>>> print(open('my_file.cif').read())   # mmCIF, C-alpha atoms and all ligand atoms
data_input
loop_
_atom_site.label_atom_id
_atom_site.label_comp_id
_atom_site.auth_asym_id
_atom_site.auth_seq_id
_atom_site.Cartn_x
_atom_site.Cartn_y
_atom_site.Cartn_z
CA MET A 94 -6.82 -44.56 50.65
CA THR A 95 -8.07 -45.30 54.09
CA MET A 96 -11.38 -44.09 55.41
CA PHE A 97 -11.78 -44.46 59.18
CA GLY A 98 -9.11 -47.09 59.00
CA ARG A 99 -10.86 -49.06 56.25
CA SER A 100 -9.78 -49.51 52.66
CA CYS A 101 -10.77 -51.51 49.60
CA GLU A 102 -8.72 -52.90 46.75
CA HIS A 103 -11.37 -51.69 44.23
CA GLU A 104 -11.19 -48.04 45.29
CA ALA A 105 -8.93 -46.95 42.42
CA ALA A 106 -11.11 -48.78 39.89
CA VAL A 107 -14.22 -47.11 41.33
CA ARG A 108 -12.58 -43.67 40.99
CA ASP A 109 -11.79 -44.47 37.32
CA LEU A 110 -15.39 -45.64 36.91
CA ALA A 111 -16.73 -42.25 38.01
CA ARG A 112 -14.31 -40.44 35.69
CA SER A 113 -14.97 -42.56 32.60
CA ASN A 114 -18.74 -42.91 33.14
CA LEU A 115 -18.61 -46.57 32.03
CA GLU A 116 -21.33 -49.08 32.86
CA ALA A 117 -19.19 -51.80 34.55
CA PRO A 118 -22.13 -53.48 36.37
CA ALA A 119 -19.90 -55.73 38.52
CA LEU A 120 -17.96 -52.78 39.93
CA ARG A 121 -21.13 -50.72 40.48
CA GLY A 122 -22.68 -53.71 42.22
CA HIS A 123 -19.65 -53.88 44.49
CA ALA A 124 -19.97 -50.15 45.24
CA THR A 125 -23.53 -50.67 46.53
CA THR A 126 -22.36 -53.24 49.05
CA CYS A 127 -18.90 -51.87 49.98
CA ALA A 128 -19.08 -48.73 52.19
CA VAL A 129 -15.64 -47.49 51.14
CA CYS A 130 -16.33 -47.83 47.40
CA HIS A 131 -19.85 -46.40 47.83
CA GLU A 132 -18.38 -43.28 49.44
CA THR A 133 -15.59 -43.07 46.85
CA LEU A 134 -18.04 -43.36 43.95
CA ALA A 135 -20.34 -40.68 45.43
CA VAL A 136 -17.47 -38.22 46.00
CA ALA A 137 -15.82 -38.92 42.64
CA SER A 138 -19.13 -38.51 40.79
CA TRP A 139 -19.79 -35.21 42.56
CA MET A 140 -16.28 -33.96 41.69
CA GLN A 141 -16.84 -35.00 38.08
CA GLN A 142 -20.11 -33.02 37.93
CA LEU A 143 -18.40 -30.00 39.50
CA ALA A 144 -15.68 -30.15 36.83
CA THR A 145 -18.25 -29.99 34.02
CA LEU A 146 -19.79 -26.75 35.34
CA PRO A 147 -18.99 -23.77 33.10
CA ILE A 148 -16.23 -21.47 34.28
CA GLU A 149 -17.12 -17.81 34.68
CA GLY A 150 -15.37 -15.83 31.96
CA PRO A 151 -15.91 -12.80 29.74
CA PRO A 152 -19.55 -12.37 28.73
CA LEU A 153 -20.46 -14.23 25.56
CA PRO A 154 -21.99 -12.28 22.66
CA ASP A 155 -25.76 -12.21 22.45
CA PRO A 156 -26.88 -15.46 20.72
CA MET A 157 -29.67 -13.56 18.96
CA HIS A 158 -27.07 -11.24 17.44
CA ILE A 159 -24.98 -14.20 16.24
CA TRP A 160 -28.04 -15.94 14.84
CA LEU A 161 -29.21 -12.82 12.99
CA LYS A 162 -25.76 -12.31 11.51
CA ALA A 163 -25.58 -15.94 10.36
CA GLU A 164 -29.09 -15.75 8.92
CA MET A 165 -28.25 -12.54 7.06
CA LEU A 166 -25.09 -14.10 5.59
CA ARG A 167 -27.01 -17.24 4.62
CA ARG A 168 -29.75 -15.23 2.88
CA TRP A 169 -27.25 -12.99 1.17
CA ASP A 170 -25.37 -16.05 -0.13
CA ALA A 171 -28.60 -17.73 -1.29
CA HIS A 172 -29.69 -14.51 -3.03
CA ARG A 173 -26.33 -14.23 -4.74
CA LYS A 174 -26.50 -17.83 -5.95
CA ALA A 175 -30.13 -17.59 -7.09
CA VAL A 176 -30.17 -14.14 -8.71
CA VAL A 177 -26.71 -12.87 -9.54
CA THR A 178 -25.25 -16.01 -11.13
CA PRO A 179 -28.07 -16.56 -13.68
CA LEU A 180 -27.91 -12.82 -14.43
CA GLU A 181 -24.23 -13.11 -15.28
CA VAL A 182 -24.93 -16.12 -17.51
CA GLY A 183 -27.84 -14.24 -19.12
CA GLU A 184 -25.62 -11.24 -19.76
CA ARG A 185 -23.06 -13.40 -21.52
CA ILE A 186 -25.77 -15.01 -23.68
CA GLN A 187 -27.18 -11.58 -24.58
CA MET A 188 -23.74 -10.30 -25.48
CA GLY A 189 -23.08 -13.39 -27.60
CA ILE A 190 -26.39 -12.97 -29.45
CA GLY A 191 -25.70 -9.25 -29.95
CA LEU A 192 -22.22 -9.92 -31.32
CA ALA A 193 -23.49 -12.68 -33.61
CA GLY A 194 -26.25 -10.38 -34.93
CA ALA A 195 -23.83 -7.50 -35.47
CA THR A 196 -21.40 -9.81 -37.29
CA ALA A 197 -24.19 -11.17 -39.52
CA LEU A 198 -25.35 -7.62 -40.32
CA LEU A 199 -21.79 -6.59 -41.11
CA ALA A 200 -21.32 -9.57 -43.44
CA TRP A 201 -24.61 -8.81 -45.20
CA LEU A 202 -23.70 -5.10 -45.60
CA TRP A 203 -20.25 -6.07 -46.90
CA SER A 204 -21.83 -8.30 -49.55
CA ARG A 205 -24.25 -5.48 -50.51
CA LEU A 206 -21.38 -2.96 -50.76
CA ASN A 207 -19.67 -4.93 -53.51
CA THR A 208 -22.82 -4.99 -55.68
CA LEU A 209 -23.33 -1.19 -55.57
CA GLN A 210 -21.68 1.32 -57.87
CA PRO A 211 -19.39 3.64 -55.96
CA SER A 212 -20.69 7.20 -55.83
CA ALA A 213 -18.22 10.04 -56.17
CA VAL A 214 -20.44 12.68 -54.54
CA LEU A 215 -21.98 11.07 -51.41
CA PRO A 216 -21.36 7.81 -49.63
CA SER A 217 -24.30 5.47 -50.03
CA PRO A 218 -26.55 4.68 -47.02
CA VAL A 219 -25.16 1.15 -47.09
CA THR A 220 -21.62 2.51 -46.67
CA ILE A 221 -22.72 4.70 -43.74
CA MET A 222 -24.51 1.74 -42.12
CA LEU A 223 -21.43 -0.38 -42.69
CA ILE A 224 -19.17 2.14 -40.95
CA VAL A 225 -21.64 2.58 -38.06
CA SER A 226 -22.01 -1.17 -37.57
CA VAL A 227 -18.22 -1.67 -37.66
CA VAL A 228 -17.83 0.99 -34.93
CA LEU A 229 -20.65 -0.55 -32.84
CA LEU A 230 -19.26 -4.05 -33.25
CA ALA A 231 -15.77 -2.91 -32.25
CA GLY A 232 -17.23 -1.15 -29.19
CA ALA A 233 -19.29 -4.18 -28.18
CA LEU A 234 -16.30 -6.48 -28.66
CA SER A 235 -14.08 -4.29 -26.48
CA ILE A 236 -16.74 -4.20 -23.72
CA PHE A 237 -17.20 -7.98 -23.96
CA ALA A 238 -13.45 -8.56 -23.81
CA ARG A 239 -13.10 -6.23 -20.82
CA GLU A 240 -15.95 -8.04 -18.98
CA LEU A 241 -14.34 -11.41 -19.61
CA MET A 242 -10.96 -10.12 -18.39
CA ALA A 243 -12.53 -8.69 -15.23
CA ARG A 244 -14.24 -12.01 -14.36
CA GLU A 245 -11.25 -14.30 -14.89
ZN ZN B 1 -14.94 -51.71 47.74
#
>>> encode(input="my_file.cif", output="structure tokens")
Amino acid sequence: MTMFGRSCEHEAAVRDLARSNLEAPALRGHATTCAVCHETLAVASWMQQLATLPIEGPPLPDPMHIWLKAEMLRRWDAHRKAVVTPLEVGERIQMGIGLAGATALLAWLWSRLNTLQPSAVLPSPVTIMLIVSVVLLAGALSIFARELMARE
């Protein structure tokens, strides 16, 4: 490029220098002494700064709104991890203990049933308890199975 009839062999390198933002002390030193390169560097730097300015476009969403939404999601996730997960584990443990207790009771009642003399008139209280515990155990097992199916 010629400027008022003058030109410099380093002009292209100086333009690249402004674009790449490199240090290149030798070339910058030349630009301070050479009028052509000094002008080229000034113009190229200004153009580079102009290019980095944001382009007017559709209005961006309110940053406060975005931040609040992100914060809400973060808290909700933290709450879920801290409260809901241990609750689910606790529920499973409770159900396991309940089932184990019901099974132990059933086994004990079954052993008691064999030692008693069968009554022809009324069923013994042990028999009634045995039937009730079998029904409860079956109900609890079906609920437990359904919960496990729903989670997996
Ligand atoms: Zn020059």
>>> closest_residue(input="my_file.cif", among="A:Thr126, A:Thr196, A:Ser113, A:Gln187", to="ligand ZN 1 (chain B)", atoms="only C-alpha atoms and all ligand atoms")
A:Thr126
>>> residues_around(input="my_file.cif", residues="Gln142 (chain A)", least_positions_apart="5", cutoff="10 Å", atoms="all atoms listed in the file", output="PyMOL selection string")
chain A and resi 111-112+136-137
>>> closest_residue(input="my_file.cif", among="A:Leu223, A:Met140, A:Val129, A:Ala197", to="ligand ZN 1 (chain B)", atoms="only C-alpha atoms and all ligand atoms")
A:Val129
>>> atom_distance(input="my_file.cif", atom1="CA of Ala163 (chain A)", atom2="CA of Ala175 (chain A)")
18.1 Å
>>> residues_around(input="my_file.cif", residues="Ser226 (chain A)", least_positions_apart="3", cutoff="10 Å", atoms="only C-alpha atoms", output="number ranges by chain")
A: 195-196, 198-199, 202, 220-223, 229-232
>>> atom_distance(input="my_file.cif", atom1="CA of Gly189 (chain A)", atom2="CA of Ser217 (chain A)")
29.3 Å
>>> residues_near_ligand(input="my_file.cif", ligand="ligand ZN 1 (chain B)", cutoff="12 Å", atoms="only C-alpha atoms and all ligand atoms", output="PyMOL selection string")
chain A and resi 94-96+99-108+119-134
>>> closest_residue(input="my_file.cif", among="A:Leu241, A:Ile236, A:Leu153, A:Leu115", to="Glu181 (chain A)", atoms="all atoms listed in the file")
A:Leu241
>>> build_atoms(input="my_file.cif", residues="region 124-146 of chain A", atoms="N, CA and C atoms", output="CSV table (one decimal), keeping the file's coordinate frame")
chain,number,residue,atom,x,y,z
A,124,ALA,N,-19.9,-51.5,44.6
A,124,ALA,CA,-20.0,-50.2,45.2
A,124,ALA,C,-21.2,-50.0,46.1
A,125,THR,N,-22.3,-50.8,45.7
A,125,THR,CA,-23.5,-50.7,46.5
A,125,THR,C,-23.4,-51.4,47.8
A,126,THR,N,-22.5,-52.4,47.8
A,126,THR,CA,-22.4,-53.2,49.0
A,126,THR,C,-21.2,-52.8,49.9
A,127,CYS,N,-20.1,-52.3,49.2
A,127,CYS,CA,-18.9,-51.9,50.0
A,127,CYS,C,-19.0,-50.4,50.4
A,128,ALA,N,-18.9,-50.1,51.7
A,128,ALA,CA,-19.1,-48.7,52.2
A,128,ALA,C,-18.0,-47.8,51.7
A,129,VAL,N,-16.8,-48.3,51.6
A,129,VAL,CA,-15.6,-47.5,51.1
A,129,VAL,C,-15.8,-47.1,49.7
A,130,CYS,N,-16.2,-48.1,48.8
A,130,CYS,CA,-16.3,-47.8,47.4
A,130,CYS,C,-17.6,-47.0,47.1
A,131,HIS,N,-18.6,-47.2,48.0
A,131,HIS,CA,-19.8,-46.4,47.8
A,131,HIS,C,-19.5,-44.9,48.1
A,132,GLU,N,-18.8,-44.7,49.1
A,132,GLU,CA,-18.4,-43.3,49.4
A,132,GLU,C,-17.5,-42.7,48.3
A,133,THR,N,-16.5,-43.5,47.9
A,133,THR,CA,-15.6,-43.1,46.8
A,133,THR,C,-16.3,-42.7,45.6
A,134,LEU,N,-17.3,-43.6,45.2
A,134,LEU,CA,-18.0,-43.4,44.0
A,134,LEU,C,-18.9,-42.1,44.1
A,135,ALA,N,-19.5,-41.9,45.2
A,135,ALA,CA,-20.3,-40.7,45.4
A,135,ALA,C,-19.5,-39.4,45.3
A,136,VAL,N,-18.3,-39.4,46.0
A,136,VAL,CA,-17.5,-38.2,46.0
A,136,VAL,C,-16.9,-38.0,44.6
A,137,ALA,N,-16.4,-39.1,44.0
A,137,ALA,CA,-15.8,-38.9,42.6
A,137,ALA,C,-16.8,-38.4,41.6
A,138,SER,N,-18.1,-38.9,41.7
A,138,SER,CA,-19.1,-38.5,40.8
A,138,SER,C,-19.4,-37.0,41.0
A,139,TRP,N,-19.5,-36.6,42.3
A,139,TRP,CA,-19.8,-35.2,42.6
A,139,TRP,C,-18.7,-34.3,42.0
A,140,MET,N,-17.4,-34.7,42.2
A,140,MET,CA,-16.3,-34.0,41.7
A,140,MET,C,-16.3,-33.9,40.2
A,141,GLN,N,-16.7,-35.0,39.5
A,141,GLN,CA,-16.8,-35.0,38.1
A,141,GLN,C,-17.9,-34.0,37.6
A,142,GLN,N,-19.0,-34.0,38.3
A,142,GLN,CA,-20.1,-33.0,37.9
A,142,GLN,C,-19.7,-31.6,38.1
A,143,LEU,N,-18.9,-31.3,39.2
A,143,LEU,CA,-18.4,-30.0,39.5
A,143,LEU,C,-17.5,-29.5,38.4
A,144,ALA,N,-16.7,-30.5,37.9
A,144,ALA,CA,-15.7,-30.2,36.8
A,144,ALA,C,-16.4,-29.8,35.5
A,145,THR,N,-17.6,-30.3,35.3
A,145,THR,CA,-18.2,-30.0,34.0
A,145,THR,C,-19.0,-28.7,34.1
A,146,LEU,N,-19.1,-28.0,35.3
A,146,LEU,CA,-19.8,-26.8,35.3
A,146,LEU,C,-19.0,-25.7,34.6
